[in-house]
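Below is one structure, written out as structure tokens; the observations come after it.
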Amino acid sequence: MTRASLRFLLSTALALLCAATAEGYYHFVRYASRSGPFVAIPEKFDLNALPGRAVTYLISERGPDQLGPNDSFASVISQIRLAASVWSQVPGSELRLVFGGLFTPETPRTTPAIEILFDELPPGVLAMGGPVARAEITPGATGAFVPILRSVVVLRRDLTDRPSYSDGFFLTTLHELGHALGLQHTAASSLMATDVTRAVTRGQPLTQDDIAGICLLYPGSDFRARTGGIAGQVWLSSGEGVSLASVVAINPSGHAVSALTHPDGTYRIEGLPPGLYYVYVHPLPPPELGPYGIVLPVDASGAPFQPTDGFESLFYPGTRNTALAATLAVSAGTVTEGVNFRVARRTPSSLYGVTTYSFPGSVAVKPAFINVNGPTSRWFLVAVSQGMALTTGSAPLPGLGVSLLGGGAAVNELRAYAPDPRYLQIGFTFNPLAGTGPRHLLFSYNNDLYLLPAGLNVVNRTPPSVATVTPQVDASGNRIALLTGSGLTPDTRIFFDGVEARVRSAEDGRMVVVPPPAPGGHRATVLAIGPDGQTSAFLQGRSLPVYEYEPSDPPFVSLSLNSLPAGAEAMIEVTGFNTNFDASTQLGFGTSDVVVRRIWVTSPTRLLANVSVVQGAPGVFTSLTLTTGLRSFTQPFGLAIEPANPRLPVISSQLTDPTTGRASVYPGGLAALSGANLGGAPGAVRVTLDDQPVPVQSVGPNRIVFQIPGAQPVGPAILRVQVGEERSYPVIVTIDPPPPAIVSLLNSSAGNSGRAARPGDLITLTVRGLAEPGTAVAPASVKISVGGMEHQALAVFPATEPGSYMVVFMLAPGVPSGPWVAITVSLEQRVSMPYYMPIQP
């Protein structure tokens, strides 16, 4: 691609980003009309229209032009992949991002995707992201929405002053991916806040505000049942509704969740974990109404809705005095209505956009962290405002007040920071029993207030640090690395660039880890992350240790299949030379029209993959990208997309149980196979598993039902179909063990009372066949459905009966009640038959 054509593409994308359609509840939205009732129509990817219900992201093969010391394109790719994995693992969301490989921007495609590009940006702009192409309004299960057809993230092509291993690069990339998925800025100090007030770290990159925002766009089945909401309206004292006011629900010892009011002043904050919340309203700061702030909502004609001019900030039920502010109890599955505000107009305040820093060592850390077990001389932070000076001369600004929302700590000193009097130094005292977590700073000045959520993070340990990283070889000849430093505990995570290393041992300030695969001679920056969100960069800044890999020959791979018609799916064998395939290996073909459904690694030099091409994909040659750890390998002309073959039997690798509809089949059971061109007399259709014919029960043009032999081994199997003389491509299918079975239930909270279960009770299930005996089952992988409400297992451990497991969970608030409430246990797609129990409200 020529530089001129790339410039045209990027200029078009940037123009579209700045002209995107709107925020109301910090999403890109539009409204059907200019009169109420106002219902936001958000922009988001239509997961139901995407292969595998996943969003593909593609990275431009033209990476950054300039990199800093110890940085590389491989490191950049690893950080982007890490950022994508964060959005793919949000609890309560069904969103999943998949790596589509390196791409050439001019490659035609039909399937929606996110493109990550590198180019020059306007001065002061670190990156840009958001939707740039959309479809028409579409009905959906949770309401109408606008499907995103294409989103872009544009990163700087000069990364010399913002290396990929810095928190700044990672969090900015994660933030821009949030825009690409449909999120706008918020005023809750979350990841999606601007860099000025963002109070997240690489170790804790998301707050509840970010989680609520993405879950409302891509909700999991029980998200709304597990969370609550607050709703109301904001009026001016003259009676008009306040448009685009920021309304924030904030837990005194937790995070904040915000929403913007609709044009008539109504609002609805959803996604709140059960608990107590203050609620306050404030105007958007002036920078958010500028060219790089939020994008104003529009009506059906494209006319924007303007925000209401300046007004006062108030806590519910209408006070600036937090001692008089009410706290509201939020329960799961309910929305507290009628939380209204009446505000007076006032000139816009200059008190906004406060940034805080602390000094756990000699490095200024943002956001501020203070260790209550550290020296009291470090119990302070420094603050600066984007809108006004907080000091004058060498003293705090007269009339400025600073306090903390909630208990456990107090401000005991305000003064100008001696090394730089432009900064305000704020000192604290702490109650030793107050606990750790975020604290919220409340600034008051000129009869107005400004609240900075999570302006202070309280911790009880020093950040980790890594002094040395030494390459070693273990007794089996495997490469390992010995780390020495401080604060290195078993719950410390170690990253080589953007890839987490497997920890073998940790004790006495020493850790042994397995370095992830990387190109020969690669220099990886090593970062330690503690469980409280602190990282070794808090003490070491960018002077982080580097692990240098030994030289090695470049990899090479060959494919068993180099072309595939549009609409088809096939198993492809990838054979490698000098490769290190493992469970982290990802495969992409440089276009969202080619989807890698699943990978099976059989050895470091061989893998099998189910690869499909979407129907109607244009004929192109795609490039192959393979990534394992930090090693990325690109091979041009990896796969040719050919025109669809109208005679070819097309089969899907996703088998379902025709009796349950679940994507789990097992030996002795029936399996439904979907596809195209499958019609014919039953005698003319032949189905094989691992080259052995299986009984065919029924045949239709798009569906075959067959029986899996009782002796079929559990695990992957190669499926083929022949219709007459036409043969399908082979695909790999997964044969699961039989579904688990609940054999007994114990209500530990009821004791011997015999009463029915109720919310809050601790329930223990005995489940047979949950997993292979001796398998360690992670509680997070086990789901319990009670009356249709999903619950998370708290503990899973082997029972005394061989082959059985004990599954412990707590009945959630809002769980359905009745004399016969169905309970099922699932591990991935394997779901038990229901077990029934009585539940009282």
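Residue numbers start at 1 in each chain; chains themselves are named A, B, ... in the order of the structure tokens; ligands are numbered from 1 in the order shown.
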Could you give me, as an mmCIF file with C-alpha atoms, in the first residue's frame, the residues within 7 Å of A:His522, counting only C-alpha atoms and dropping anything in the same chain fewer than 2 positions from it?
```cif
data_model
loop_
_atom_site.group_PDB
_atom_site.id
_atom_site.type_symbol
_atom_site.label_atom_id
_atom_site.label_comp_id
_atom_site.auth_asym_id
_atom_site.auth_seq_id
_atom_site.Cartn_x
_atom_site.Cartn_y
_atom_site.Cartn_z
ATOM 1 C CA ALA A 518 10.171 -15.336 21.591
ATOM 2 C CA PRO A 519 12.192 -14.643 18.438
ATOM 3 C CA GLY A 520 15.908 -15.318 18.616
ATOM 4 C CA ALA A 524 11.837 -8.658 26.653
ATOM 5 C CA GLU A 548 17.602 -11.403 26.308
ATOM 6 C CA TYR A 549 16.803 -14.576 24.396
#
```
Problem set entry | Residue contacts of stretch 583-591 of chain A (7 Å, only C-alpha atoms) excluding same-chain residues fewer than 5 positions away, as number ranges by chain | A: 58, 99-103, 109, 596, 601, 622-629
Selected residues written out, all heavy atoms, as a compact mmCIF listing (two decimals), in the first residue's frame:
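Result file again-v1.txt:
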```txt
# COMPACT_ATOMS: atom_id res chain seq x y z
N LEU A 58 -7.66 -6.91 13.74
CA LEU A 58 -6.58 -7.06 12.78
C LEU A 58 -5.54 -5.98 13.04
O LEU A 58 -5.89 -4.83 13.29
CB LEU A 58 -7.11 -6.94 11.35
CG LEU A 58 -8.24 -7.89 10.96
CD1 LEU A 58 -8.96 -7.39 9.72
CD2 LEU A 58 -7.69 -9.29 10.72
N PHE A 99 -7.96 -12.79 17.54
CA PHE A 99 -6.86 -12.25 16.74
C PHE A 99 -7.00 -12.74 15.30
O PHE A 99 -7.04 -13.94 15.03
CB PHE A 99 -5.54 -12.73 17.34
CG PHE A 99 -4.31 -12.32 16.59
CD1 PHE A 99 -4.05 -10.98 16.34
CD2 PHE A 99 -3.41 -13.27 16.14
CE1 PHE A 99 -2.90 -10.60 15.65
CE2 PHE A 99 -2.25 -12.91 15.47
CZ PHE A 99 -2.01 -11.56 15.22
N GLY A 100 -7.07 -11.79 14.36
CA GLY A 100 -7.20 -12.13 12.95
C GLY A 100 -5.91 -12.05 12.18
O GLY A 100 -5.90 -12.25 10.96
N GLY A 101 -4.81 -11.72 12.87
CA GLY A 101 -3.51 -11.67 12.21
C GLY A 101 -3.14 -10.28 11.75
O GLY A 101 -3.83 -9.28 12.01
N LEU A 102 -2.00 -10.20 11.05
CA LEU A 102 -1.56 -8.95 10.45
C LEU A 102 -2.25 -8.80 9.10
O LEU A 102 -2.43 -9.77 8.37
CB LEU A 102 -0.04 -8.95 10.28
CG LEU A 102 0.80 -9.18 11.54
CD1 LEU A 102 2.28 -8.99 11.21
CD2 LEU A 102 0.38 -8.27 12.67
N PHE A 103 -2.62 -7.56 8.76
CA PHE A 103 -3.39 -7.36 7.54
C PHE A 103 -2.86 -6.20 6.73
O PHE A 103 -2.17 -5.32 7.23
CB PHE A 103 -4.87 -7.14 7.88
CG PHE A 103 -5.22 -5.72 8.24
CD1 PHE A 103 -6.00 -4.93 7.41
CD2 PHE A 103 -4.77 -5.15 9.44
CE1 PHE A 103 -6.32 -3.63 7.74
CE2 PHE A 103 -5.09 -3.86 9.78
CZ PHE A 103 -5.87 -3.08 8.93
N ARG A 109 -12.94 -7.19 2.36
CA ARG A 109 -13.58 -8.17 3.22
C ARG A 109 -15.02 -7.75 3.45
O ARG A 109 -15.39 -6.60 3.21
CB ARG A 109 -12.83 -8.31 4.54
CG ARG A 109 -12.83 -7.08 5.41
CD ARG A 109 -12.18 -7.37 6.77
NE ARG A 109 -12.34 -6.24 7.67
CZ ARG A 109 -11.50 -5.22 7.75
NH1 ARG A 109 -10.42 -5.19 6.98
NH2 ARG A 109 -11.72 -4.22 8.58
N VAL A 596 -10.65 -18.75 12.41
CA VAL A 596 -10.08 -19.95 13.02
C VAL A 596 -10.97 -20.30 14.21
O VAL A 596 -11.01 -19.60 15.21
CB VAL A 596 -8.63 -19.71 13.48
CG1 VAL A 596 -8.08 -20.97 14.15
CG2 VAL A 596 -7.76 -19.29 12.31
N VAL A 601 -3.14 -28.28 19.53
CA VAL A 601 -1.69 -28.40 19.41
C VAL A 601 -1.31 -29.83 19.76
O VAL A 601 -1.57 -30.30 20.88
CB VAL A 601 -0.97 -27.40 20.31
CG1 VAL A 601 0.54 -27.62 20.27
CG2 VAL A 601 -1.29 -25.97 19.88
N THR A 622 -4.75 -14.45 1.23
CA THR A 622 -4.56 -13.91 2.57
C THR A 622 -3.17 -14.29 3.08
O THR A 622 -2.57 -15.26 2.63
CB THR A 622 -5.61 -14.47 3.54
OG1 THR A 622 -5.38 -15.88 3.74
CG2 THR A 622 -7.01 -14.27 2.98
N SER A 623 -2.69 -13.53 4.05
CA SER A 623 -1.40 -13.85 4.68
C SER A 623 -1.65 -14.58 5.99
O SER A 623 -2.64 -14.34 6.68
CB SER A 623 -0.61 -12.56 4.95
OG SER A 623 -1.33 -11.71 5.81
N LEU A 624 -0.77 -15.50 6.30
CA LEU A 624 -0.87 -16.31 7.52
C LEU A 624 -0.04 -15.67 8.62
O LEU A 624 1.12 -15.29 8.41
CB LEU A 624 -0.36 -17.72 7.24
CG LEU A 624 -0.10 -18.62 8.46
CD1 LEU A 624 -1.41 -19.01 9.12
CD2 LEU A 624 0.69 -19.86 8.06
N THR A 625 -0.62 -15.53 9.81
CA THR A 625 0.11 -15.07 10.99
C THR A 625 -0.04 -16.10 12.10
O THR A 625 -1.16 -16.47 12.45
CB THR A 625 -0.40 -13.70 11.48
OG1 THR A 625 -0.30 -12.74 10.44
CG2 THR A 625 0.44 -13.23 12.67
N LEU A 626 1.07 -16.54 12.63
CA LEU A 626 1.09 -17.45 13.77
C LEU A 626 1.79 -16.77 14.94
O LEU A 626 2.88 -16.22 14.77
CB LEU A 626 1.84 -18.74 13.42
CG LEU A 626 1.02 -19.90 12.84
CD1 LEU A 626 1.94 -20.91 12.21
CD2 LEU A 626 0.20 -20.57 13.94
N THR A 627 1.16 -16.79 16.11
CA THR A 627 1.80 -16.21 17.29
C THR A 627 1.82 -17.25 18.40
O THR A 627 0.84 -17.95 18.63
CB THR A 627 1.05 -14.96 17.79
OG1 THR A 627 -0.25 -15.34 18.23
CG2 THR A 627 0.93 -13.92 16.70
N THR A 628 2.96 -17.35 19.04
CA THR A 628 3.12 -18.17 20.24
C THR A 628 3.96 -17.37 21.21
O THR A 628 5.11 -17.05 20.92
CB THR A 628 3.81 -19.50 19.92
OG1 THR A 628 3.05 -20.22 18.95
CG2 THR A 628 3.94 -20.34 21.18
N GLY A 629 3.37 -17.02 22.36
CA GLY A 629 4.10 -16.16 23.28
C GLY A 629 4.44 -14.84 22.62
O GLY A 629 3.56 -14.12 22.14
```
Please identify all polymer residues within 9 Å of A:Leu95, counting only C-alpha atoms, omitting same-chain residues fewer than 3 positions from it, and present them as a JSON list (two decimals) with all heavy atoms, in the first residue's frame.
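Saved to selection-v2.json:
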```json
[["chain", "number", "residue", "atom", "x", "y", "z"],
["A", 47, "LEU", "N", -23.14, -9.42, 17.53],
["A", 47, "LEU", "CA", -22.46, -10.70, 17.74],
["A", 47, "LEU", "C", -23.18, -11.83, 17.03],
["A", 47, "LEU", "O", -22.54, -12.79, 16.58],
["A", 47, "LEU", "CB", -22.35, -10.99, 19.24],
["A", 47, "LEU", "CG", -21.56, -9.99, 20.08],
["A", 47, "LEU", "CD1", -21.42, -10.49, 21.51],
["A", 47, "LEU", "CD2", -20.20, -9.70, 19.49],
["A", 53, "ARG", "N", -19.69, -15.68, 16.97],
["A", 53, "ARG", "CA", -20.16, -14.60, 17.84],
["A", 53, "ARG", "C", -18.98, -13.88, 18.50],
["A", 53, "ARG", "O", -19.04, -13.46, 19.65],
["A", 53, "ARG", "CB", -21.12, -15.14, 18.92],
["A", 53, "ARG", "CG", -22.29, -15.91, 18.34],
["A", 53, "ARG", "CD", -23.36, -16.25, 19.39],
["A", 53, "ARG", "NE", -24.18, -15.09, 19.67],
["A", 53, "ARG", "CZ", -24.17, -14.42, 20.81],
["A", 53, "ARG", "NH1", -23.31, -14.77, 21.78],
["A", 53, "ARG", "NH2", -24.94, -13.39, 21.00],
["A", 54, "ALA", "N", -17.90, -13.71, 17.74],
["A", 54, "ALA", "CA", -16.70, -13.05, 18.24],
["A", 54, "ALA", "C", -16.29, -11.93, 17.30],
["A", 54, "ALA", "O", -16.52, -12.00, 16.09],
["A", 54, "ALA", "CB", -15.56, -14.05, 18.39],
["A", 55, "VAL", "N", -15.68, -10.88, 17.86],
["A", 55, "VAL", "CA", -15.22, -9.73, 17.09],
["A", 55, "VAL", "C", -13.74, -9.94, 16.74],
["A", 55, "VAL", "O", -12.91, -10.14, 17.63],
["A", 55, "VAL", "CB", -15.39, -8.42, 17.89],
["A", 55, "VAL", "CG1", -14.88, -7.23, 17.07],
["A", 55, "VAL", "CG2", -16.85, -8.22, 18.28],
["A", 87, "TRP", "N", -10.59, -7.28, 27.42],
["A", 87, "TRP", "CA", -11.99, -7.06, 27.04],
["A", 87, "TRP", "C", -12.71, -8.38, 26.81],
["A", 87, "TRP", "O", -13.95, -8.44, 26.89],
["A", 87, "TRP", "CB", -12.08, -6.19, 25.79],
["A", 87, "TRP", "CG", -11.80, -4.75, 26.02],
["A", 87, "TRP", "CD1", -10.82, -3.99, 25.45],
["A", 87, "TRP", "CD2", -12.51, -3.86, 26.89],
["A", 87, "TRP", "NE1", -10.88, -2.69, 25.91],
["A", 87, "TRP", "CE2", -11.91, -2.59, 26.80],
["A", 87, "TRP", "CE3", -13.60, -4.01, 27.74],
["A", 87, "TRP", "CZ2", -12.35, -1.48, 27.51],
["A", 87, "TRP", "CZ3", -14.05, -2.91, 28.47],
["A", 87, "TRP", "CH2", -13.43, -1.67, 28.34],
["A", 88, "SER", "N", -11.99, -9.45, 26.52],
["A", 88, "SER", "CA", -12.61, -10.75, 26.28],
["A", 88, "SER", "C", -12.95, -11.48, 27.56],
["A", 88, "SER", "O", -13.62, -12.52, 27.51],
["A", 88, "SER", "CB", -11.69, -11.63, 25.43],
["A", 88, "SER", "OG", -11.49, -11.08, 24.15],
["A", 89, "GLN", "N", -12.49, -10.99, 28.70],
["A", 89, "GLN", "CA", -12.68, -11.72, 29.96],
["A", 89, "GLN", "C", -13.42, -10.90, 31.00],
["A", 89, "GLN", "O", -13.27, -11.11, 32.20],
["A", 89, "GLN", "CB", -11.31, -12.13, 30.51],
["A", 89, "GLN", "CG", -10.52, -13.04, 29.57],
["A", 89, "GLN", "CD", -9.13, -13.36, 30.11],
["A", 89, "GLN", "OE1", -8.97, -13.81, 31.24],
["A", 89, "GLN", "NE2", -8.12, -13.12, 29.29],
["A", 90, "VAL", "N", -14.26, -9.98, 30.55],
["A", 90, "VAL", "CA", -15.03, -9.16, 31.49],
["A", 90, "VAL", "C", -16.14, -10.00, 32.11],
["A", 90, "VAL", "O", -16.96, -10.57, 31.38],
["A", 90, "VAL", "CB", -15.62, -7.93, 30.79],
["A", 90, "VAL", "CG1", -16.50, -7.14, 31.75],
["A", 90, "VAL", "CG2", -14.51, -7.04, 30.24],
["A", 214, "ILE", "N", -19.45, -2.15, 29.22],
["A", 214, "ILE", "CA", -19.31, -3.17, 28.17],
["A", 214, "ILE", "C", -20.38, -4.24, 28.35],
["A", 214, "ILE", "O", -20.87, -4.82, 27.36],
["A", 214, "ILE", "CB", -17.89, -3.77, 28.19],
["A", 214, "ILE", "CG1", -17.52, -4.30, 26.78],
["A", 214, "ILE", "CG2", -17.74, -4.83, 29.24],
["A", 214, "ILE", "CD1", -17.35, -3.23, 25.75],
["A", 215, "CYS", "N", -20.78, -4.54, 29.58],
["A", 215, "CYS", "CA", -21.81, -5.55, 29.80],
["A", 215, "CYS", "C", -23.17, -5.09, 29.30],
["A", 215, "CYS", "O", -24.00, -5.91, 28.88],
["A", 215, "CYS", "CB", -21.89, -5.93, 31.28],
["A", 215, "CYS", "SG", -20.52, -6.93, 31.86],
["A", 217, "LEU", "N", -23.63, -3.31, 26.68],
["A", 217, "LEU", "CA", -23.61, -3.50, 25.23],
["A", 217, "LEU", "C", -23.65, -4.98, 24.86],
["A", 217, "LEU", "O", -24.34, -5.37, 23.90],
["A", 217, "LEU", "CB", -22.34, -2.87, 24.64],
["A", 217, "LEU", "CG", -22.26, -1.35, 24.58],
["A", 217, "LEU", "CD1", -20.93, -0.91, 24.00],
["A", 217, "LEU", "CD2", -23.41, -0.77, 23.77],
["A", 218, "TYR", "N", -22.90, -5.80, 25.60],
["A", 218, "TYR", "CA", -22.77, -7.22, 25.28],
["A", 218, "TYR", "C", -23.05, -8.03, 26.54],
["A", 218, "TYR", "O", -22.15, -8.66, 27.10],
["A", 218, "TYR", "CB", -21.37, -7.52, 24.74],
["A", 218, "TYR", "CG", -20.93, -6.59, 23.63],
["A", 218, "TYR", "CD1", -20.08, -5.50, 23.89],
["A", 218, "TYR", "CD2", -21.36, -6.78, 22.32],
["A", 218, "TYR", "CE1", -19.67, -4.64, 22.87],
["A", 218, "TYR", "CE2", -20.96, -5.92, 21.30],
["A", 218, "TYR", "CZ", -20.12, -4.86, 21.58],
["A", 218, "TYR", "OH", -19.73, -4.02, 20.58],
["A", 219, "PRO", "N", -24.30, -8.02, 27.02],
["A", 219, "PRO", "CA", -24.59, -8.63, 28.33],
["A", 219, "PRO", "C", -24.57, -10.15, 28.30],
["A", 219, "PRO", "O", -24.98, -10.78, 27.32],
["A", 219, "PRO", "CB", -26.00, -8.11, 28.65],
["A", 219, "PRO", "CG", -26.62, -7.88, 27.31],
["A", 219, "PRO", "CD", -25.50, -7.42, 26.42],
["A", 220, "GLY", "N", -24.06, -10.73, 29.39],
["A", 220, "GLY", "CA", -24.20, -12.15, 29.60],
["A", 220, "GLY", "C", -25.62, -12.47, 30.04],
["A", 220, "GLY", "O", -26.43, -11.57, 30.29]]
```
Exercise. With only C-alpha atoms as the atoms that count, which of A:Ala395, A:Leu351, A:Ile480, A:Ala568 lies nearest to A:Asn446?
Worked result: A:Leu351
Spatial neighbours of A:Ala663, 6 Å, only C-alpha atoms, chain gap at least 2 places, as an mmCIF file with N, CA, C and O atoms, in the first residue's frame:
```cif
data_model
loop_
_atom_site.group_PDB
_atom_site.id
_atom_site.type_symbol
_atom_site.label_atom_id
_atom_site.label_comp_id
_atom_site.auth_asym_id
_atom_site.auth_seq_id
_atom_site.Cartn_x
_atom_site.Cartn_y
_atom_site.Cartn_z
ATOM 1 N N LEU A 655 -21.067 -29.474 16.501
ATOM 2 C CA LEU A 655 -22.165 -30.424 16.667
ATOM 3 C C LEU A 655 -23.030 -30.015 17.848
ATOM 4 O O LEU A 655 -22.543 -29.425 18.830
ATOM 5 N N THR A 656 -24.310 -30.358 17.769
ATOM 6 C CA THR A 656 -25.221 -30.092 18.886
ATOM 7 C C THR A 656 -25.989 -31.362 19.216
ATOM 8 O O THR A 656 -26.156 -32.253 18.371
ATOM 9 N N GLN A 829 -19.943 -26.632 27.901
ATOM 10 C CA GLN A 829 -21.254 -26.910 27.310
ATOM 11 C C GLN A 829 -21.938 -28.132 27.916
ATOM 12 O O GLN A 829 -23.075 -28.448 27.559
#
```
